[in-house]
$ cat run11.tsv   # TSV, C-alpha atoms and all ligand atoms
chain	number	residue	atom	x	y	z
A	1	MET	CA	0.00	0.00	0.00
A	2	ALA	CA	2.78	2.39	1.03
A	3	ASN	CA	4.44	2.28	-2.38
A	4	SER	CA	1.40	2.33	-4.64
A	5	LYS	CA	0.79	5.17	-7.04
A	6	TYR	CA	-1.89	6.35	-4.64
A	7	GLY	CA	0.52	6.76	-1.74
A	8	TYR	CA	1.15	10.43	-2.50
A	9	VAL	CA	-2.21	11.34	-0.95
A	10	ARG	CA	-0.66	10.83	2.48
A	11	SER	CA	1.19	14.11	1.90
A	12	PHE	CA	-2.16	15.90	2.18
A	13	GLU	CA	-2.31	15.01	5.87
A	14	GLN	CA	-1.45	17.96	8.09
A	15	PRO	CA	0.90	17.49	11.04
A	16	ASP	CA	-0.89	18.11	14.34
A	17	SER	CA	1.62	17.12	17.02
A	18	LEU	CA	1.06	19.18	20.15
A	19	LEU	CA	3.82	21.28	21.69
A	20	SER	CA	6.28	19.24	23.79
A	21	ASN	CA	6.48	19.58	27.55
A	22	THR	CA	2.99	21.06	27.95
A	23	TRP	CA	-0.06	19.68	29.72
A	24	ILE	CA	-2.54	18.41	27.15
A	25	VAL	CA	-6.17	18.77	28.10
A	26	VAL	CA	-8.81	16.98	26.06
A	27	ARG	CA	-12.31	18.21	26.88
A	28	ILE	CA	-15.30	16.30	25.67
A	29	ASP	CA	-18.90	17.49	25.78
A	30	GLY	CA	-22.17	15.69	25.14
A	31	ARG	CA	-23.81	16.56	21.84
A	32	GLY	CA	-27.31	17.91	22.21
A	33	PHE	CA	-27.68	16.77	25.80
A	34	SER	CA	-30.41	19.32	26.44
A	35	LYS	CA	-32.55	17.14	24.15
A	36	LEU	CA	-31.16	13.86	25.49
A	37	THR	CA	-31.91	14.82	29.10
A	38	ALA	CA	-35.51	15.59	28.12
A	39	LYS	CA	-35.87	12.38	26.11
A	40	TYR	CA	-34.74	10.20	29.05
A	41	LYS	CA	-36.42	12.39	31.67
A	42	PHE	CA	-33.28	13.16	33.67
A	43	ILE	CA	-34.09	14.51	37.10
A	44	LYS	CA	-33.60	18.28	36.94
A	45	PRO	CA	-31.37	20.06	37.65
A	46	ASN	CA	-29.06	17.16	38.57
A	47	ASP	CA	-29.72	13.53	37.76
A	48	ARG	CA	-27.36	11.64	40.05
A	49	ASN	CA	-27.42	8.48	37.93
A	50	ALA	CA	-26.43	10.47	34.85
A	51	LEU	CA	-23.50	12.03	36.71
A	52	ASP	CA	-22.45	8.63	38.06
A	53	LEU	CA	-22.55	7.29	34.50
A	54	MET	CA	-20.32	10.14	33.27
A	55	ASN	CA	-17.91	9.45	36.14
A	56	ALA	CA	-17.88	5.69	35.44
A	57	ALA	CA	-17.14	6.26	31.73
A	58	ALA	CA	-14.36	8.71	32.64
A	59	GLU	CA	-12.85	6.25	35.10
A	60	ALA	CA	-12.82	3.59	32.38
A	61	VAL	CA	-11.05	6.03	30.03
A	62	MET	CA	-8.39	6.67	32.68
A	63	LYS	CA	-7.89	2.94	33.14
A	64	GLU	CA	-7.38	2.43	29.40
A	65	LEU	CA	-5.02	5.39	28.95
A	66	PRO	CA	-2.21	5.29	31.53
A	67	ASP	CA	-0.80	8.61	30.28
A	68	LEU	CA	-3.81	10.41	31.78
A	69	VAL	CA	-3.10	11.84	35.21
A	70	LEU	CA	-6.24	13.78	36.06
A	71	ALA	CA	-9.80	14.28	34.93
A	72	TYR	CA	-12.50	16.76	35.92
A	73	GLY	CA	-16.14	16.51	35.01
A	74	ASN	CA	-19.47	18.24	35.48
A	75	SER	CA	-22.77	18.21	33.60
A	76	ASP	CA	-22.18	16.55	30.19
A	77	GLU	CA	-18.48	17.44	29.97
A	78	TYR	CA	-15.20	15.91	31.06
A	79	SER	CA	-11.65	17.25	30.84
A	80	PHE	CA	-8.82	14.72	30.63
A	81	VAL	CA	-5.23	15.76	31.37
A	82	PHE	CA	-2.24	14.06	29.75
A	83	HIS	CA	1.04	14.43	31.58
A	84	LYS	CA	3.58	16.89	30.20
A	85	ASP	CA	5.91	14.02	29.33
A	86	CYS	CA	3.25	12.11	27.40
A	87	VAL	CA	4.44	10.84	24.01
A	88	LEU	CA	1.38	8.75	23.16
A	89	PHE	CA	0.58	8.89	19.41
A	90	GLU	CA	3.50	11.31	19.04
A	91	ARG	CA	1.19	13.79	20.82
A	92	ARG	CA	-0.97	14.07	17.70
A	93	ALA	CA	-4.04	16.11	18.61
A	94	SER	CA	-6.46	14.24	16.37
A	95	LYS	CA	-5.40	10.80	17.60
A	96	LEU	CA	-5.47	11.80	21.28
A	97	THR	CA	-8.84	13.53	20.98
A	98	THR	CA	-10.58	10.91	18.89
A	99	THR	CA	-9.30	8.06	21.07
A	100	ILE	CA	-10.63	9.76	24.21
A	101	VAL	CA	-13.94	10.64	22.60
A	102	SER	CA	-14.59	7.19	21.20
A	103	THR	CA	-13.41	5.34	24.32
A	104	PHE	CA	-15.59	7.57	26.51
A	105	THR	CA	-18.60	7.22	24.22
A	106	SER	CA	-18.24	3.43	24.04
A	107	TYR	CA	-18.24	3.13	27.82
A	108	TYR	CA	-21.04	5.67	28.23
A	109	VAL	CA	-23.24	3.54	25.98
A	110	PHE	CA	-21.97	0.22	27.39
A	111	LEU	CA	-22.62	1.27	31.00
A	112	TRP	CA	-25.91	3.08	30.33
A	113	SER	CA	-28.11	0.13	31.31
A	114	THR	CA	-26.30	-0.20	34.66
A	115	TYR	CA	-27.32	3.33	35.60
A	116	PHE	CA	-30.65	3.44	33.73
A	117	PRO	CA	-31.95	-0.16	33.76
A	118	ASP	CA	-35.50	1.02	33.00
A	119	LYS	CA	-34.60	3.37	30.16
A	120	PRO	CA	-33.27	1.48	27.13
A	121	LEU	CA	-31.22	3.57	24.72
A	122	THR	CA	-32.69	4.20	21.28
A	123	PRO	CA	-31.23	6.18	18.35
A	124	PRO	CA	-30.10	8.87	18.10
A	125	LEU	CA	-27.50	7.47	20.52
A	126	PRO	CA	-25.38	9.64	22.86
A	127	SER	CA	-22.32	11.17	21.23
A	128	PHE	CA	-19.59	13.56	22.32
A	129	ASP	CA	-17.35	16.14	20.70
A	130	GLY	CA	-13.80	16.82	21.81
A	131	ARG	CA	-10.88	19.22	21.52
A	132	ALA	CA	-7.26	19.23	22.68
A	133	VAL	CA	-5.54	22.28	24.17
A	134	CYS	CA	-1.98	22.69	25.53
A	135	TYR	CA	-1.27	24.45	28.79
A	136	PRO	CA	2.42	25.31	29.30
A	137	SER	CA	2.57	26.01	33.05
A	138	ASP	CA	1.17	24.32	36.12
A	139	ILE	CA	-0.62	27.58	36.95
A	140	ASN	CA	-2.23	27.59	33.50
A	141	LEU	CA	-3.48	24.04	34.09
A	142	ARG	CA	-4.79	24.92	37.50
A	143	ASP	CA	-6.53	28.01	36.13
A	144	TYR	CA	-8.06	25.86	33.39
A	145	MET	CA	-9.51	23.57	36.05
A	146	SER	CA	-10.75	26.55	38.04
A	147	TRP	CA	-12.36	27.92	34.88
A	148	ARG	CA	-14.35	24.72	34.34
A	149	GLN	CA	-15.25	24.59	38.02
A	150	VAL	CA	-16.48	28.18	38.08
A	151	ASP	CA	-18.60	27.32	35.04
A	152	CYS	CA	-20.03	24.37	36.95
A	153	HIS	CA	-20.81	26.58	39.95
A	154	ILE	CA	-22.48	29.35	37.95
A	155	ASN	CA	-24.57	26.92	35.90
A	156	ASN	CA	-25.54	24.85	38.92
A	157	LEU	CA	-26.62	27.83	41.01
A	158	TYR	CA	-28.70	29.10	38.10
A	159	ASN	CA	-30.19	25.68	37.32
A	160	THR	CA	-30.92	24.91	40.97
A	161	THR	CA	-32.78	28.21	41.41
A	162	PHE	CA	-34.54	27.91	38.06
A	163	TRP	CA	-35.82	24.39	38.71
A	164	THR	CA	-36.82	25.24	42.27
A	165	LEU	CA	-38.95	28.11	40.94
A	166	VAL	CA	-40.53	25.71	38.42
A	167	GLN	CA	-40.89	22.57	40.55
A	168	GLN	CA	-41.68	24.09	43.94
A	169	GLY	CA	-42.78	27.60	42.99
A	170	GLY	CA	-45.17	26.49	40.25
A	171	MET	CA	-43.70	28.91	37.71
A	172	GLY	CA	-43.54	28.27	33.98
A	173	ALA	CA	-40.12	28.12	32.33
A	174	GLN	CA	-40.48	31.62	30.87
A	175	GLU	CA	-41.65	33.10	34.14
A	176	ALA	CA	-38.75	31.53	36.04
A	177	GLU	CA	-36.31	32.78	33.42
A	178	GLN	CA	-37.69	36.29	33.76
A	179	ARG	CA	-37.51	36.12	37.54
A	180	LEU	CA	-33.80	35.23	37.28
A	181	SER	CA	-32.85	37.70	34.59
A	182	GLY	CA	-30.42	40.30	35.93
A	183	THR	CA	-29.92	38.48	39.24
A	184	VAL	CA	-26.46	37.89	40.73
A	185	SER	CA	-25.34	34.92	42.85
A	186	SER	CA	-26.45	36.46	46.15
A	187	ASP	CA	-29.96	37.09	44.73
A	188	LYS	CA	-30.26	33.43	43.75
A	189	ASN	CA	-29.05	32.25	47.15
A	190	GLU	CA	-31.65	34.54	48.73
A	191	ILE	CA	-34.50	33.28	46.52
A	192	LEU	CA	-33.61	29.70	47.44
A	193	PHE	CA	-33.32	30.44	51.16
A	194	LYS	CA	-36.10	32.97	51.76
A	195	ASP	CA	-38.75	31.58	49.41
A	196	PHE	CA	-37.99	27.85	49.67
A	197	GLY	CA	-35.89	27.33	52.81
A	198	ILE	CA	-33.07	25.85	50.76
A	199	ASN	CA	-29.50	26.56	51.86
A	200	TYR	CA	-27.49	26.26	48.64
A	201	ASN	CA	-24.39	25.39	50.67
A	202	ASN	CA	-26.06	22.14	51.68
A	203	GLU	CA	-26.44	20.93	48.09
A	204	PRO	CA	-24.22	17.90	47.29
A	205	GLU	CA	-20.59	18.85	46.63
A	206	CYS	CA	-20.47	17.05	43.30
A	207	PHE	CA	-23.46	19.10	42.07
A	208	LYS	CA	-21.85	22.36	43.17
A	209	LYS	CA	-18.26	21.64	42.20
A	210	GLY	CA	-18.07	18.63	39.89
A	211	THR	CA	-15.94	15.50	40.24
A	212	VAL	CA	-12.19	14.92	40.09
A	213	LEU	CA	-10.55	11.66	39.08
A	214	TYR	CA	-6.85	11.46	39.64
A	215	ARG	CA	-4.16	8.89	39.52
A	216	ASP	CA	-2.64	7.94	42.83
A	217	PHE	CA	1.07	8.26	42.06
A	218	PHE	CA	2.47	7.76	45.50
A	219	PRO	CA	0.32	5.37	47.50
A	220	THR	CA	1.10	5.49	51.19
A	221	PRO	CA	1.30	2.33	53.33
A	222	ALA	CA	-2.12	0.79	53.80
A	223	ALA	CA	-2.11	1.53	57.52
A	224	GLN	CA	-1.93	5.27	56.95
A	225	ARG	CA	-4.55	5.16	54.27
A	226	THR	CA	-7.75	5.59	56.20
A	227	SER	CA	-9.12	8.70	54.57
A	228	LEU	CA	-8.17	11.48	52.27
A	229	GLN	CA	-8.79	15.05	53.35
A	230	THR	CA	-9.51	17.18	50.33
A	231	LEU	CA	-9.17	20.91	50.01
A	232	ALA	CA	-12.13	23.24	49.92
A	233	ALA	CA	-10.67	24.83	46.81
A	234	PHE	CA	-9.61	22.81	43.81
A	235	PRO	CA	-7.03	20.31	45.02
A	236	SER	CA	-3.54	20.59	43.59
A	237	PRO	CA	-3.21	18.21	40.67
A	238	PRO	CA	-0.72	15.38	41.18
A	239	ILE	CA	1.92	16.95	38.98
A	240	ALA	CA	4.95	15.28	40.48
A	241	SER	CA	7.02	13.27	38.04
A	242	PRO	CA	5.17	9.98	37.68
A	243	GLN	CA	7.75	7.59	36.19
A	244	PRO	CA	9.04	5.80	39.28
A	245	THR	CA	5.59	4.70	40.38
A	246	ARG	CA	3.83	3.96	37.09
A	247	PRO	CA	2.91	0.42	38.20
A	248	TYR	CA	0.87	1.91	41.03
A	249	PHE	CA	-1.33	4.05	38.78
A	250	ARG	CA	-4.89	3.83	39.85
A	251	PRO	CA	-7.82	6.20	39.25
A	252	VAL	CA	-9.63	7.52	42.29
A	253	SER	CA	-13.03	9.10	42.09
A	254	GLN	CA	-13.60	11.90	44.49
A	255	PRO	CA	-16.22	14.62	44.80
A	256	ILE	CA	-14.35	17.81	45.64
A	257	GLY	CA	-14.42	19.29	49.12
A	258	ARG	CA	-15.41	16.19	51.04
A	259	THR	CA	-13.52	13.61	53.02
A	260	ILE	CA	-14.01	10.20	51.49
A	261	PRO	CA	-12.76	6.77	52.46
A	262	TYR	CA	-9.68	5.74	50.59
A	263	PRO	CA	-10.38	2.84	48.20
A	264	GLN	CA	-9.08	-0.60	49.08
A	265	ASP	CA	-5.53	-1.25	48.00
A	266	GLN	CA	-5.44	-3.17	44.73
A	267	VAL	CA	-1.75	-3.16	43.95
A	301	LIG	P1	-24.07	21.05	22.67
A	301	LIG	O1	-24.22	19.94	21.68
A	301	LIG	O2	-23.78	22.37	22.04
A	301	LIG	O3	-23.10	20.74	23.77
A	301	LIG	P2	-26.04	20.67	24.73
A	301	LIG	O4	-27.54	20.62	24.66
A	301	LIG	O5	-25.35	19.41	25.12
A	301	LIG	O6	-25.54	21.22	23.33
A	301	LIG	P3	-24.65	21.94	26.95
A	301	LIG	O7	-24.29	23.38	27.09
A	301	LIG	O8	-23.52	20.98	26.82
A	301	LIG	O9	-25.63	21.86	25.69
A	301	LIG	O10	-25.57	21.58	28.15
A	301	LIG	C1	-25.80	20.28	28.62
A	301	LIG	C2	-27.23	20.16	29.07
A	301	LIG	O11	-27.44	18.88	29.66
A	301	LIG	C3	-27.61	21.20	30.11
A	301	LIG	O12	-28.92	21.62	29.86
A	301	LIG	C4	-27.52	20.42	31.42
A	301	LIG	O13	-28.36	20.94	32.40
A	301	LIG	C5	-27.98	19.04	30.96
A	301	LIG	N1	-27.43	17.99	31.84
A	301	LIG	C6	-26.19	17.45	31.77
A	301	LIG	N2	-26.00	16.54	32.73
A	301	LIG	C7	-27.15	16.50	33.44
A	301	LIG	C8	-27.57	15.75	34.58
A	301	LIG	N3	-26.76	14.88	35.19
A	301	LIG	N4	-28.82	15.94	35.06
A	301	LIG	C9	-29.64	16.82	34.45
A	301	LIG	N5	-29.30	17.56	33.38
A	301	LIG	C10	-28.07	17.41	32.87
A	302	LIG	P1	-3.56	0.95	15.76
A	302	LIG	O1	-4.11	1.23	17.09
A	302	LIG	O2	-2.22	1.54	15.53
A	302	LIG	O3	-4.53	1.27	14.63
A	302	LIG	P2	-4.18	-1.79	15.06
A	302	LIG	O4	-3.82	-3.07	15.72
A	302	LIG	O5	-5.64	-1.39	15.06
A	302	LIG	O6	-3.32	-0.63	15.75
A	302	LIG	P3	-4.25	-1.49	12.20
A	302	LIG	O7	-3.15	-1.14	11.25
A	302	LIG	O8	-5.37	-0.50	12.27
A	302	LIG	O9	-3.59	-1.77	13.59
A	302	LIG	O10	-4.74	-2.90	11.78
A	302	LIG	C1	-5.99	-3.46	12.11
A	302	LIG	C2	-5.84	-4.95	12.36
A	302	LIG	O11	-7.11	-5.52	12.56
A	302	LIG	C3	-5.18	-5.70	11.24
A	302	LIG	O12	-4.35	-6.70	11.75
A	302	LIG	C4	-6.35	-6.31	10.49
A	302	LIG	O13	-6.03	-7.49	9.83
A	302	LIG	C5	-7.29	-6.59	11.64
A	302	LIG	N1	-8.69	-6.57	11.19
A	302	LIG	C6	-9.44	-5.50	11.01
A	302	LIG	N2	-10.65	-5.81	10.57
A	302	LIG	C7	-10.68	-7.15	10.49
A	302	LIG	C8	-11.67	-8.11	10.08
A	302	LIG	N3	-12.88	-7.70	9.69
A	302	LIG	N4	-11.36	-9.39	10.13
A	302	LIG	C9	-10.13	-9.80	10.53
A	302	LIG	N5	-9.15	-8.96	10.91
A	302	LIG	C10	-9.43	-7.66	10.89
A	303	MG	MG	-20.59	21.29	22.99
A	304	MG	MG	-23.30	19.39	25.50
A	305	MG	MG	-21.90	20.88	28.32
A	306	MG	MG	-6.28	0.32	14.02

$ encode --input "run11.tsv" --output "structure tokens"
Amino acid sequence: MANSKYGYVRSFEQPDSLLSNTWIVVRIDGRGFSKLTAKYKFIKPNDRNALDLMNAAAEAVMKELPDLVLAYGNSDEYSFVFHKDCVLFERRASKLTTTIVSTFTSYYVFLWSTYFPDKPLTPPLPSFDGRAVCYPSDINLRDYMSWRQVDCHINNLYNTTFWTLVQQGGMGAQEAEQRLSGTVSSDKNEILFKDFGINYNNEPECFKKGTVLYRDFFPTPAAQRTSLQTLAAFPSPPIASPQPTRPYFRPVSQPIGRTIPYPQDQV
């Protein structure tokens, strides 16, 4: 094939290797999930099963791609971080992105019935888009994560207030939208608290802040591993050089801002 008279067409392919020594973030996002959530009657504003399914698919992606060190997800999106020293697929953007997107989509569809046993999937089936972006510094990567998390917070506060006005306040969608137009965060907190007795702070952490999956580079002795205290802010990504402990790679799912039991040692 390589030497046929047709081989010249390979020269039309554009190089797309990503800059060396930078964090590569591949973000995927569900296509048309506003429609999909309506079709499968997701609980609004946050369907826990749907979030668990996203997290399970992301965990499977991390298990299949050892070069991934960290992932962050909320709503219908997930960001996957390849280590700076990653050389997978010669760092080609299209190969990295399409492999993540298709692996994630396969698991999302494969695991669907586990999370929605009473809602069989029918076409059009769930699909995701994806893009790859390089971040040169650790601060840039951290700010990227903060950017996605702020987006999660703003959307979730809006959605929580909107759906409370609709579900508990008896408003129509348009009326609720009008009520919220021009409001700032403190106004929404006040609507929730004064009109409905809801303290937004008490909403589940993974609704407010999203979910982090990270690889446990440096497992401590089992005896010390009783729990993991997480930071209220975004936890520092595990950016230490991973090579010496590659065999110990293991994804850990963790809603931000909460102490969770450490998973059983599997190594
Ligand atoms: P696009 O194809 O442009 O991404 P979209 O309809 O997917 O279009 P998004 O901006 O990605 O638009 O929004 C995702 C939608 O899915 C939002 O309306 C969000 O509230 C909804 N959604 C995602 N996850 C859940 C969930 N777990 N529970 C309820 N709704 C969800
Ligand atoms: P890569 O991840 O680099 O693509 P690969 O193992 O998929 O690695 P390919 O060059 O894509 O490598 O080759 C695909 C392989 O799958 C070949 O060995 C091919 O013979 C085999 N294969 C694909 N389709 C079939 C099929 N329908 N029946 C039998 N073998 C198949
Ligand atoms: Mg999109
Ligand atoms: Mg979407
Ligand atoms: Mg989205
Ligand atoms: Mg192949």

$ residues_near_ligand --input "run11.tsv" --ligand "ligand LIG 301 (chain A)" --cutoff "10 Å" --atoms "all atoms listed in the file" --output "compact mmCIF listing (two decimals) with C-alpha atoms, in the coordinates of the input"
# COMPACT_ATOMS: atom_id res chain seq x y z
CA ILE A 28 -15.30 16.30 25.67
CA ASP A 29 -18.90 17.49 25.78
CA GLY A 30 -22.17 15.69 25.14
CA ARG A 31 -23.81 16.56 21.84
CA GLY A 32 -27.31 17.91 22.21
CA PHE A 33 -27.68 16.77 25.80
CA SER A 34 -30.41 19.32 26.44
CA LYS A 35 -32.55 17.14 24.15
CA LEU A 36 -31.16 13.86 25.49
CA THR A 37 -31.91 14.82 29.10
CA ALA A 38 -35.51 15.59 28.12
CA TYR A 40 -34.74 10.20 29.05
CA LYS A 41 -36.42 12.39 31.67
CA PHE A 42 -33.28 13.16 33.67
CA ILE A 43 -34.09 14.51 37.10
CA LYS A 44 -33.60 18.28 36.94
CA PRO A 45 -31.37 20.06 37.65
CA ASN A 46 -29.06 17.16 38.57
CA ASP A 47 -29.72 13.53 37.76
CA ARG A 48 -27.36 11.64 40.05
CA ASN A 49 -27.42 8.48 37.93
CA ALA A 50 -26.43 10.47 34.85
CA LEU A 51 -23.50 12.03 36.71
CA ASP A 52 -22.45 8.63 38.06
CA LEU A 53 -22.55 7.29 34.50
CA MET A 54 -20.32 10.14 33.27
CA ASN A 74 -19.47 18.24 35.48
CA SER A 75 -22.77 18.21 33.60
CA ASP A 76 -22.18 16.55 30.19
CA GLU A 77 -18.48 17.44 29.97
CA SER A 127 -22.32 11.17 21.23
CA PHE A 128 -19.59 13.56 22.32
CA ASP A 129 -17.35 16.14 20.70
CA ASN A 155 -24.57 26.92 35.90
CA ASN A 156 -25.54 24.85 38.92
CA TYR A 158 -28.70 29.10 38.10
CA ASN A 159 -30.19 25.68 37.32
CA THR A 160 -30.92 24.91 40.97
CA PHE A 207 -23.46 19.10 42.07

$ residues_around --input "run11.tsv" --residues "Val87 (chain A)" --least-positions-apart "6" --cutoff "10 Å" --atoms "all atoms listed in the file" --output "VMD selection string"
chain A and resid 17 to 18 20 to 21 67

$ closest_residue --input "run11.tsv" --among "A:Tyr78, A:Met171, A:Arg148, A:Lys209" --to "ligand MG 304 (chain A)" --atoms "all atoms listed in the file"
A:Tyr78

$ closest_residue --input "run11.tsv" --among "A:Thr161, A:Phe193, A:Leu65, A:Val25" --to "Arg142 (chain A)" --atoms "all atoms listed in the file"
A:Val25

$ residues_near_ligand --input "run11.tsv" --ligand "ligand LIG 302 (chain A)" --cutoff "10 Å" --atoms "only C-alpha atoms and all ligand atoms" --output "PyMOL selection string"
chain A and resi 89+95+99

$ closest_residue --input "run11.tsv" --among "A:Leu121, A:Arg131, A:Lys84, A:Pro15" --to "ligand MG 303 (chain A)" --atoms "all atoms listed in the file"
A:Arg131

$ closest_residue --input "run11.tsv" --among "A:Cys152, A:Leu88, A:Leu111, A:Val81" --to "ligand MG 305 (chain A)" --atoms "all atoms listed in the file"
A:Cys152

$ closest_residue --input "run11.tsv" --among "A:Glu190, A:Ile100, A:Arg215, A:Val9" --to "His83 (chain A)" --atoms "only C-alpha atoms"
A:Arg215

$ residues_near_point --input "run11.tsv" --point "(1.3, 18.1, 10.2)" --cutoff "12 Å" --atoms "only C-alpha atoms" --output "list in words"
Arg10, Ser11, Phe12, Glu13, Gln14, Pro15, Asp16, Ser17, Leu18, Glu90, Arg91, Arg92, Ala93 and Ser94 of chain A

$ residues_around --input "run11.tsv" --residues "region 194-196 of chain A" --least-positions-apart "5" --cutoff "12 Å" --atoms "all atoms listed in the file" --output "MDAnalysis selection string"
chainID A and resid 160:161 163:170 186:189

$ write_last_selection --input "run11.tsv" --atoms "C-alpha atoms" --output "PDB file, in the coordinates of the input"
ATOM      1  CA  THR A 160     -30.920  24.910  40.970  1.00  0.00           C
ATOM      2  CA  THR A 161     -32.780  28.210  41.410  1.00  0.00           C
ATOM      3  CA  TRP A 163     -35.820  24.390  38.710  1.00  0.00           C
ATOM      4  CA  THR A 164     -36.820  25.240  42.270  1.00  0.00           C
ATOM      5  CA  LEU A 165     -38.950  28.110  40.940  1.00  0.00           C
ATOM      6  CA  VAL A 166     -40.530  25.710  38.420  1.00  0.00           C
ATOM      7  CA  GLN A 167     -40.890  22.570  40.550  1.00  0.00           C
ATOM      8  CA  GLN A 168     -41.680  24.090  43.940  1.00  0.00           C
ATOM      9  CA  GLY A 169     -42.780  27.600  42.990  1.00  0.00           C
ATOM     10  CA  GLY A 170     -45.170  26.490  40.250  1.00  0.00           C
ATOM     11  CA  SER A 186     -26.450  36.460  46.150  1.00  0.00           C
ATOM     12  CA  ASP A 187     -29.960  37.090  44.730  1.00  0.00           C
ATOM     13  CA  LYS A 188     -30.260  33.430  43.750  1.00  0.00           C
ATOM     14  CA  ASN A 189     -29.050  32.250  47.150  1.00  0.00           C
TER      15      ASN A 189
END

$ closest_residue --input "run11.tsv" --among "A:Ala173, A:Leu96, A:Met145, A:Ala60" --to "Gly73 (chain A)" --atoms "only C-alpha atoms"
A:Met145

$ atom_distance --input "run11.tsv" --atom1 "CA of Tyr115 (chain A)" --atom2 "CA of Asp216 (chain A)"
26.1 Å

$ atom_distance --input "run11.tsv" --atom1 "CA of Cys134 (chain A)" --atom2 "CA of Phe82 (chain A)"
9.6 Å

$ atom_distance --input "run11.tsv" --atom1 "CA of Pro123 (chain A)" --atom2 "atom MG of ligand MG 303 (chain A)"
19.1 Å
